[in-house]
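The file work_25.txt contains compact mmCIF, N, CA and C atoms:
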# COMPACT_ATOMS: atom_id res chain seq x y z
N MET A 11 104.65 86.99 77.11
CA MET A 11 103.78 87.78 77.97
C MET A 11 104.55 88.98 78.50
N SER A 12 103.87 90.10 78.70
CA SER A 12 104.53 91.31 79.15
C SER A 12 104.89 91.24 80.63
N LYS A 13 105.88 92.03 80.98
CA LYS A 13 106.37 92.05 82.36
C LYS A 13 106.16 93.46 82.90
N SER A 14 105.63 93.55 84.11
CA SER A 14 105.40 94.84 84.75
C SER A 14 106.27 94.96 85.99
N LEU A 15 106.66 96.19 86.29
CA LEU A 15 107.46 96.50 87.47
C LEU A 15 106.60 97.29 88.44
N VAL A 16 106.59 96.87 89.69
CA VAL A 16 105.85 97.56 90.75
C VAL A 16 106.88 98.06 91.75
N LEU A 17 106.83 99.36 92.04
CA LEU A 17 107.77 99.96 92.99
C LEU A 17 107.04 100.35 94.27
N VAL A 18 107.53 99.84 95.39
CA VAL A 18 106.99 100.14 96.71
C VAL A 18 108.12 100.72 97.55
N GLU A 19 107.80 101.16 98.76
CA GLU A 19 108.82 101.78 99.60
C GLU A 19 109.65 100.78 100.40
N SER A 20 109.03 99.72 100.90
CA SER A 20 109.77 98.84 101.81
C SER A 20 109.99 97.44 101.24
N PRO A 21 111.13 96.82 101.59
CA PRO A 21 111.42 95.48 101.12
C PRO A 21 110.42 94.43 101.62
N ALA A 22 109.91 94.61 102.82
CA ALA A 22 108.93 93.65 103.36
C ALA A 22 107.65 93.68 102.52
N LYS A 23 107.20 94.88 102.16
CA LYS A 23 106.02 94.99 101.30
C LYS A 23 106.29 94.38 99.94
N ALA A 24 107.47 94.63 99.41
CA ALA A 24 107.82 94.11 98.08
C ALA A 24 107.71 92.59 98.05
N LYS A 25 108.21 91.95 99.08
CA LYS A 25 108.19 90.49 99.14
C LYS A 25 106.76 89.95 99.17
N THR A 26 105.92 90.55 100.01
CA THR A 26 104.53 90.11 100.13
C THR A 26 103.75 90.37 98.85
N ILE A 27 103.90 91.57 98.30
CA ILE A 27 103.16 91.94 97.10
C ILE A 27 103.58 91.07 95.91
N ALA A 28 104.84 90.73 95.82
CA ALA A 28 105.32 89.87 94.72
C ALA A 28 104.58 88.53 94.74
N LYS A 29 104.31 87.99 95.91
CA LYS A 29 103.58 86.73 96.02
C LYS A 29 102.17 86.86 95.47
N TYR A 30 101.55 88.02 95.70
CA TYR A 30 100.16 88.24 95.27
C TYR A 30 100.03 88.48 93.77
N LEU A 31 101.07 89.02 93.14
CA LEU A 31 100.95 89.42 91.73
C LEU A 31 101.41 88.34 90.75
N GLY A 32 102.30 87.48 91.14
CA GLY A 32 102.70 86.40 90.26
C GLY A 32 103.90 86.71 89.38
N LYS A 33 104.16 85.80 88.45
CA LYS A 33 105.40 85.82 87.68
C LYS A 33 105.49 86.91 86.62
N ASN A 34 104.40 87.52 86.24
CA ASN A 34 104.45 88.59 85.24
C ASN A 34 104.76 89.96 85.85
N PHE A 35 105.03 89.97 87.14
CA PHE A 35 105.35 91.21 87.84
C PHE A 35 106.67 91.05 88.59
N THR A 36 107.44 92.12 88.58
CA THR A 36 108.63 92.22 89.41
C THR A 36 108.34 93.33 90.40
N VAL A 37 108.65 93.12 91.67
CA VAL A 37 108.37 94.13 92.70
C VAL A 37 109.69 94.49 93.37
N HIS A 38 109.97 95.81 93.43
CA HIS A 38 111.20 96.29 94.07
C HIS A 38 110.87 97.40 95.06
N ALA A 39 111.74 97.53 96.05
CA ALA A 39 111.60 98.57 97.07
C ALA A 39 112.52 99.75 96.76
N THR A 40 112.01 100.96 96.99
CA THR A 40 112.81 102.17 96.78
C THR A 40 113.62 102.51 98.02
N MET A 41 113.25 101.94 99.14
CA MET A 41 113.89 102.23 100.43
C MET A 41 113.65 103.69 100.83
N GLY A 42 112.48 104.21 100.52
CA GLY A 42 112.13 105.58 100.91
C GLY A 42 112.46 106.59 99.84
N HIS A 43 112.74 107.81 100.28
CA HIS A 43 113.03 108.91 99.36
C HIS A 43 114.33 108.67 98.60
N LEU A 44 114.35 109.13 97.34
CA LEU A 44 115.55 109.02 96.51
C LEU A 44 116.11 110.39 96.14
N ARG A 45 115.28 111.43 96.26
CA ARG A 45 115.73 112.79 95.94
C ARG A 45 115.30 113.73 97.07
N ASP A 46 116.07 114.81 97.23
CA ASP A 46 115.76 115.79 98.26
C ASP A 46 116.38 117.12 97.85
N LEU A 47 116.06 118.15 98.59
CA LEU A 47 116.69 119.45 98.37
C LEU A 47 118.14 119.38 98.84
N PRO A 48 119.04 120.07 98.17
CA PRO A 48 120.45 120.01 98.59
C PRO A 48 120.66 120.66 99.95
N LYS A 49 121.58 120.12 100.71
CA LYS A 49 121.90 120.68 102.03
C LYS A 49 122.98 121.76 101.94
N SER A 50 123.77 121.73 100.87
CA SER A 50 124.93 122.63 100.76
C SER A 50 124.64 123.94 100.03
N GLN A 51 123.43 124.10 99.54
CA GLN A 51 123.07 125.34 98.85
C GLN A 51 121.59 125.62 99.03
N PHE A 52 121.18 126.80 98.62
CA PHE A 52 119.77 127.18 98.72
C PHE A 52 118.96 126.26 97.82
N GLY A 53 117.91 125.68 98.33
CA GLY A 53 117.17 124.63 97.64
C GLY A 53 116.11 125.06 96.67
N VAL A 54 115.94 126.36 96.45
CA VAL A 54 114.95 126.82 95.48
C VAL A 54 115.58 127.87 94.57
N ASP A 55 115.08 127.93 93.35
CA ASP A 55 115.53 128.90 92.37
C ASP A 55 114.62 130.12 92.48
N ILE A 56 115.09 131.16 93.17
CA ILE A 56 114.25 132.33 93.43
C ILE A 56 113.96 133.13 92.16
N GLU A 57 114.78 132.98 91.14
CA GLU A 57 114.55 133.71 89.89
C GLU A 57 113.62 132.95 88.95
N ASN A 58 113.24 131.76 89.31
CA ASN A 58 112.37 130.95 88.47
C ASN A 58 111.16 130.47 89.28
N GLU A 59 110.42 131.43 89.84
CA GLU A 59 109.19 131.17 90.60
C GLU A 59 109.40 130.22 91.78
N PHE A 60 110.57 130.30 92.41
CA PHE A 60 110.89 129.50 93.60
C PHE A 60 110.78 128.00 93.34
N THR A 61 111.19 127.59 92.16
CA THR A 61 111.19 126.17 91.78
C THR A 61 112.21 125.41 92.63
N PRO A 62 111.78 124.31 93.26
CA PRO A 62 112.72 123.52 94.05
C PRO A 62 113.81 122.91 93.17
N LYS A 63 115.02 122.82 93.73
CA LYS A 63 116.16 122.20 93.03
C LYS A 63 116.45 120.86 93.70
N TYR A 64 115.86 119.80 93.20
CA TYR A 64 116.06 118.49 93.81
C TYR A 64 117.31 117.83 93.26
N ILE A 65 117.97 117.07 94.13
CA ILE A 65 119.13 116.27 93.74
C ILE A 65 118.93 114.86 94.28
N ASN A 66 119.62 113.90 93.66
CA ASN A 66 119.58 112.53 94.19
C ASN A 66 120.27 112.50 95.55
N ILE A 67 119.72 111.78 96.47
CA ILE A 67 120.29 111.67 97.82
C ILE A 67 121.57 110.86 97.76
N ARG A 68 122.60 111.38 98.39
CA ARG A 68 123.88 110.68 98.45
C ARG A 68 123.69 109.30 99.08
N GLY A 69 124.29 108.31 98.45
CA GLY A 69 124.18 106.94 98.94
C GLY A 69 123.05 106.15 98.30
N LYS A 70 122.20 106.81 97.51
CA LYS A 70 121.08 106.12 96.86
C LYS A 70 121.38 105.78 95.40
N GLY A 71 122.60 106.02 94.95
CA GLY A 71 122.97 105.81 93.56
C GLY A 71 122.76 104.38 93.08
N GLU A 72 123.14 103.40 93.91
CA GLU A 72 122.99 102.00 93.50
C GLU A 72 121.53 101.62 93.36
N ILE A 73 120.70 102.09 94.29
CA ILE A 73 119.27 101.80 94.22
C ILE A 73 118.68 102.44 92.97
N ILE A 74 119.04 103.70 92.71
CA ILE A 74 118.53 104.39 91.53
C ILE A 74 118.93 103.66 90.25
N LYS A 75 120.17 103.25 90.18
CA LYS A 75 120.65 102.53 88.99
C LYS A 75 119.89 101.22 88.81
N ALA A 76 119.70 100.48 89.89
CA ALA A 76 118.98 99.21 89.82
C ALA A 76 117.53 99.42 89.37
N LEU A 77 116.89 100.47 89.90
CA LEU A 77 115.50 100.75 89.51
C LEU A 77 115.41 101.15 88.04
N LYS A 78 116.38 101.94 87.58
CA LYS A 78 116.40 102.33 86.16
C LYS A 78 116.57 101.10 85.27
N ASP A 79 117.47 100.21 85.65
CA ASP A 79 117.70 98.98 84.88
C ASP A 79 116.43 98.12 84.82
N GLU A 80 115.76 97.97 85.96
CA GLU A 80 114.52 97.18 85.99
C GLU A 80 113.42 97.85 85.17
N ALA A 81 113.34 99.17 85.23
CA ALA A 81 112.31 99.90 84.48
C ALA A 81 112.51 99.74 82.97
N LYS A 82 113.76 99.69 82.53
CA LYS A 82 114.04 99.50 81.10
C LYS A 82 113.54 98.14 80.60
N LYS A 83 113.57 97.14 81.47
CA LYS A 83 113.14 95.79 81.10
C LYS A 83 111.61 95.64 81.12
N ALA A 84 110.93 96.55 81.80
CA ALA A 84 109.48 96.41 82.01
C ALA A 84 108.68 97.07 80.89
N ASP A 85 107.54 96.46 80.61
CA ASP A 85 106.60 97.05 79.66
C ASP A 85 105.76 98.14 80.35
N LYS A 86 105.55 98.00 81.64
CA LYS A 86 104.75 98.96 82.41
C LYS A 86 105.36 99.09 83.80
N VAL A 87 105.41 100.32 84.31
CA VAL A 87 105.91 100.57 85.67
C VAL A 87 104.77 101.14 86.49
N TYR A 88 104.51 100.52 87.64
CA TYR A 88 103.50 100.99 88.58
C TYR A 88 104.19 101.57 89.80
N LEU A 89 103.78 102.75 90.19
CA LEU A 89 104.34 103.43 91.36
C LEU A 89 103.37 103.20 92.51
N ALA A 90 103.74 102.29 93.41
CA ALA A 90 102.86 101.85 94.49
C ALA A 90 103.38 102.27 95.85
N THR A 91 103.88 103.50 95.93
CA THR A 91 104.35 104.01 97.21
C THR A 91 103.16 104.27 98.14
N ASP A 92 103.43 104.57 99.38
CA ASP A 92 102.38 104.71 100.39
C ASP A 92 101.31 105.73 99.96
N PRO A 93 100.06 105.55 100.45
CA PRO A 93 98.95 106.41 100.05
C PRO A 93 98.84 107.69 100.90
N ASP A 94 99.94 108.38 101.08
CA ASP A 94 99.94 109.63 101.84
C ASP A 94 100.76 110.67 101.07
N ARG A 95 100.92 111.87 101.64
CA ARG A 95 101.68 112.93 100.96
C ARG A 95 103.09 112.49 100.62
N GLU A 96 103.75 111.88 101.59
CA GLU A 96 105.13 111.43 101.36
C GLU A 96 105.19 110.41 100.23
N GLY A 97 104.27 109.46 100.24
CA GLY A 97 104.24 108.44 99.21
C GLY A 97 103.98 109.02 97.83
N GLU A 98 103.10 110.00 97.76
CA GLU A 98 102.80 110.64 96.47
C GLU A 98 104.03 111.38 95.97
N ALA A 99 104.75 112.04 96.88
CA ALA A 99 105.97 112.76 96.51
C ALA A 99 107.06 111.77 96.06
N ILE A 100 107.19 110.66 96.75
CA ILE A 100 108.17 109.65 96.34
C ILE A 100 107.82 109.13 94.95
N ALA A 101 106.53 108.90 94.69
CA ALA A 101 106.10 108.44 93.36
C ALA A 101 106.46 109.49 92.30
N TRP A 102 106.27 110.76 92.62
CA TRP A 102 106.60 111.85 91.70
C TRP A 102 108.10 111.88 91.41
N HIS A 103 108.91 111.72 92.45
CA HIS A 103 110.36 111.68 92.26
C HIS A 103 110.77 110.46 91.43
N LEU A 104 110.14 109.33 91.70
CA LEU A 104 110.42 108.13 90.91
C LEU A 104 110.08 108.35 89.44
N ALA A 105 108.93 108.96 89.20
CA ALA A 105 108.52 109.25 87.82
C ALA A 105 109.58 110.12 87.14
N HIS A 106 110.11 111.10 87.86
CA HIS A 106 111.15 111.97 87.30
C HIS A 106 112.42 111.15 86.98
N ILE A 107 112.85 110.37 87.92
CA ILE A 107 114.07 109.57 87.77
C ILE A 107 113.94 108.57 86.61
N LEU A 108 112.75 107.97 86.48
CA LEU A 108 112.54 106.91 85.49
C LEU A 108 111.95 107.43 84.18
N ASN A 109 111.84 108.75 84.07
CA ASN A 109 111.28 109.37 82.85
C ASN A 109 109.86 108.90 82.54
N ILE A 110 109.04 108.82 83.56
CA ILE A 110 107.63 108.47 83.40
C ILE A 110 106.84 109.78 83.50
N PRO A 111 106.04 110.12 82.50
CA PRO A 111 105.25 111.35 82.60
C PRO A 111 104.34 111.32 83.83
N ALA A 112 104.33 112.40 84.59
CA ALA A 112 103.53 112.46 85.83
C ALA A 112 102.05 112.30 85.55
N ASP A 113 101.62 112.63 84.33
CA ASP A 113 100.20 112.52 84.00
C ASP A 113 99.83 111.16 83.40
N SER A 114 100.79 110.23 83.34
CA SER A 114 100.47 108.89 82.85
C SER A 114 99.82 108.09 83.98
N ALA A 115 99.03 107.11 83.61
CA ALA A 115 98.34 106.28 84.61
C ALA A 115 99.30 105.22 85.12
N SER A 116 100.17 105.62 86.03
CA SER A 116 101.17 104.68 86.56
C SER A 116 101.11 104.57 88.08
N ARG A 117 100.30 105.38 88.72
CA ARG A 117 100.22 105.41 90.19
C ARG A 117 99.12 104.48 90.64
N ILE A 118 99.46 103.55 91.54
CA ILE A 118 98.44 102.69 92.13
C ILE A 118 98.47 102.88 93.65
N VAL A 119 97.29 102.77 94.25
CA VAL A 119 97.17 103.00 95.69
C VAL A 119 96.31 101.90 96.30
N PHE A 120 96.74 101.43 97.46
CA PHE A 120 95.96 100.45 98.22
C PHE A 120 96.17 100.77 99.69
N ASN A 121 95.14 100.46 100.50
CA ASN A 121 95.20 100.76 101.92
C ASN A 121 95.43 99.53 102.79
N GLU A 122 95.52 98.38 102.15
CA GLU A 122 95.83 97.15 102.88
C GLU A 122 96.62 96.24 101.95
N ILE A 123 97.49 95.46 102.54
CA ILE A 123 98.32 94.55 101.74
C ILE A 123 97.67 93.18 101.77
N THR A 124 96.62 93.07 100.96
CA THR A 124 95.93 91.80 100.77
C THR A 124 95.87 91.54 99.27
N LYS A 125 95.73 90.29 98.90
CA LYS A 125 95.69 89.94 97.48
C LYS A 125 94.57 90.68 96.74
N PRO A 126 93.33 90.72 97.27
CA PRO A 126 92.28 91.44 96.54
C PRO A 126 92.57 92.94 96.40
N ALA A 127 93.12 93.55 97.43
CA ALA A 127 93.40 95.00 97.37
C ALA A 127 94.49 95.30 96.35
N ILE A 128 95.53 94.49 96.32
CA ILE A 128 96.63 94.69 95.38
C ILE A 128 96.15 94.48 93.95
N GLN A 129 95.41 93.41 93.72
CA GLN A 129 94.91 93.12 92.37
C GLN A 129 93.92 94.19 91.89
N ALA A 130 93.10 94.71 92.79
CA ALA A 130 92.17 95.78 92.42
C ALA A 130 92.94 97.06 92.06
N ALA A 131 93.99 97.36 92.82
CA ALA A 131 94.78 98.57 92.57
C ALA A 131 95.46 98.51 91.20
N ILE A 132 95.97 97.35 90.83
CA ILE A 132 96.64 97.17 89.53
C ILE A 132 95.67 97.47 88.39
N LYS A 133 94.40 97.20 88.60
CA LYS A 133 93.39 97.43 87.55
C LYS A 133 92.94 98.88 87.47
N GLN A 134 93.36 99.72 88.45
CA GLN A 134 92.91 101.11 88.49
C GLN A 134 94.06 102.10 88.65
N PRO A 135 95.04 102.06 87.75
CA PRO A 135 96.13 103.04 87.86
C PRO A 135 95.60 104.44 87.55
N ARG A 136 96.25 105.43 88.12
CA ARG A 136 95.86 106.83 87.91
C ARG A 136 97.12 107.67 87.77
N PRO A 137 96.97 108.91 87.32
CA PRO A 137 98.13 109.81 87.30
C PRO A 137 98.54 110.19 88.72
N ILE A 138 99.73 110.70 88.86
CA ILE A 138 100.20 111.22 90.14
C ILE A 138 99.36 112.45 90.49
N ASP A 139 98.95 112.54 91.74
CA ASP A 139 98.14 113.67 92.21
C ASP A 139 99.07 114.83 92.56
N MET A 140 99.20 115.77 91.65
CA MET A 140 100.12 116.88 91.85
C MET A 140 99.70 117.81 92.99
N ASN A 141 98.42 117.86 93.32
CA ASN A 141 97.99 118.66 94.48
C ASN A 141 98.58 118.08 95.76
N THR A 142 98.61 116.76 95.86
CA THR A 142 99.19 116.11 97.04
C THR A 142 100.70 116.29 97.07
N VAL A 143 101.34 116.20 95.90
CA VAL A 143 102.79 116.43 95.82
C VAL A 143 103.11 117.86 96.25
N ASP A 144 102.33 118.81 95.75
CA ASP A 144 102.54 120.22 96.13
C ASP A 144 102.34 120.42 97.63
N ALA A 145 101.37 119.72 98.21
CA ALA A 145 101.15 119.83 99.65
C ALA A 145 102.35 119.32 100.43
N GLN A 146 102.95 118.24 99.95
CA GLN A 146 104.14 117.70 100.62
C GLN A 146 105.33 118.66 100.47
N GLN A 147 105.47 119.24 99.27
CA GLN A 147 106.57 120.18 99.06
C GLN A 147 106.42 121.42 99.95
N ALA A 148 105.20 121.89 100.10
CA ALA A 148 104.96 123.07 100.93
C ALA A 148 105.24 122.78 102.39
N ARG A 149 105.02 121.56 102.80
CA ARG A 149 105.25 121.17 104.18
C ARG A 149 106.72 121.25 104.50

Once you've parsed the file, please lay out its structure as structure tokens.
Amino acid sequence: MSKSLVLVESPAKAKTIAKYLGKNFTVHATMGHLRDLPKSQFGVDIENEFTPKYINIRGKGEIIKALKDEAKKADKVYLATDPDREGEAIAWHLAHILNIPADSASRIVFNEITKPAIQAAIKQPRPIDMNTVDAQQAR
């Protein structure tokens, strides 16, 4: 049977969601943001349409490595970060780190941590909403 990986932001959510999804799912926490604009240099490329220059956050290397290792073992990766601008941006950064196309149906969203809500979300993955990601970047 195939194994799926679900990525959430907090360890407490990961533990609860893992109980609801069962043995064919592995659930891990990202512990929040994994990439950000650099603090030591200008964070946008002004010669390339002001494209942001994101880097991995110092101290997040072990988490990133662990998530990459788990993603390699999974047949499907679901990005289940919070249903707000920040969560959408974290999902986008995760997709970049894990080489998941942003337009693939890997993003799941739920507004409550209940078994029916989680199971319904798994059945309705969608692409990352780039309008929401852009709104977070502009903020």

Test item: axis-aligned box, all listed atoms of segment 115-127 of chain A, 4 Å on each side, centre and edges in Å rounded to one decimal, as AutoDock Vina command-line options:
--center_x 96.7 --center_y 98.5 --center_z 93.2 --size_x 16.9 --size_y 25.2 --size_z 27.3

Given only C-alpha atoms, how would the per-residue table for segment 34-71 of chain A near segment 15-23 of chain A read, listing every residue at most 10 Å away with its closest atom pair and distance in Å to one decimal, sorted by chain and number, as a tab-separated table?
residue	atom	partner	partner_atom	distance
A:Asn34	CA	A:Leu15	CA	8.8
A:Phe35	CA	A:Leu15	CA	5.7
A:Thr36	CA	A:Leu15	CA	4.8
A:Val37	CA	A:Val16	CA	4.7
A:His38	CA	A:Leu17	CA	5.1
A:Ala39	CA	A:Val18	CA	4.9
A:Thr40	CA	A:Glu19	CA	4.9
A:Met41	CA	A:Glu19	CA	5.2
A:Gly42	CA	A:Glu19	CA	5.2
A:His43	CA	A:Glu19	CA	8.3

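Taking atom C of Ala90 of chain A and atom C of Leu47 of chain A as endpoints, the distance between them is 22.8 Å.
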
Near-segment 48-50 of chain A list (8 Å; only N, CA and C atoms; drop same-chain fewer than 4 positions) as a PDB file with N, CA and C atoms, in the frame of the given file:
ATOM      1  N   VAL A  54     115.940 126.360  96.450  1.00  0.00           N
ATOM      2  CA  VAL A  54     114.950 126.820  95.480  1.00  0.00           C
ATOM      3  C   VAL A  54     115.580 127.870  94.570  1.00  0.00           C
ATOM      4  N   PRO A  62     111.780 124.310  93.260  1.00  0.00           N
ATOM      5  CA  PRO A  62     112.720 123.520  94.050  1.00  0.00           C
ATOM      6  C   PRO A  62     113.810 122.910  93.170  1.00  0.00           C
ATOM      7  N   LYS A  63     115.020 122.820  93.730  1.00  0.00           N
ATOM      8  CA  LYS A  63     116.160 122.200  93.030  1.00  0.00           C
ATOM      9  C   LYS A  63     116.450 120.860  93.700  1.00  0.00           C
ATOM     10  N   TYR A  64     115.860 119.800  93.200  1.00  0.00           N
ATOM     11  CA  TYR A  64     116.060 118.490  93.810  1.00  0.00           C
ATOM     12  C   TYR A  64     117.310 117.830  93.260  1.00  0.00           C
ATOM     13  N   ILE A  65     117.970 117.070  94.130  1.00  0.00           N
ATOM     14  CA  ILE A  65     119.130 116.270  93.740  1.00  0.00           C
ATOM     15  C   ILE A  65     118.930 114.860  94.280  1.00  0.00           C
ATOM     16  N   ASN A  66     119.620 113.900  93.660  1.00  0.00           N
ATOM     17  CA  ASN A  66     119.580 112.530  94.190  1.00  0.00           C
ATOM     18  C   ASN A  66     120.270 112.500  95.550  1.00  0.00           C
TER      19      ASN A  66
END

* **Spatial sel., origin (98.4, 102.6, 86.7), limit 7 Å, all atoms listed in the file, listed as an MDAnalysis selection string** => chainID A and resid 87:89 114:118 131:137

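Backbone DSSP over chain A gives strand (DSSP E or B) for Ser14, Leu15, Val16, Leu17, Val18, Phe35, Thr36, Val37, His38, Ala39, Arg45, Asp46, Val54, Asp55, Thr61, Pro62, Ile65, Asn66, Lys86, Val87, Tyr88, Leu89, Arg117 and Arg136 of chain A.
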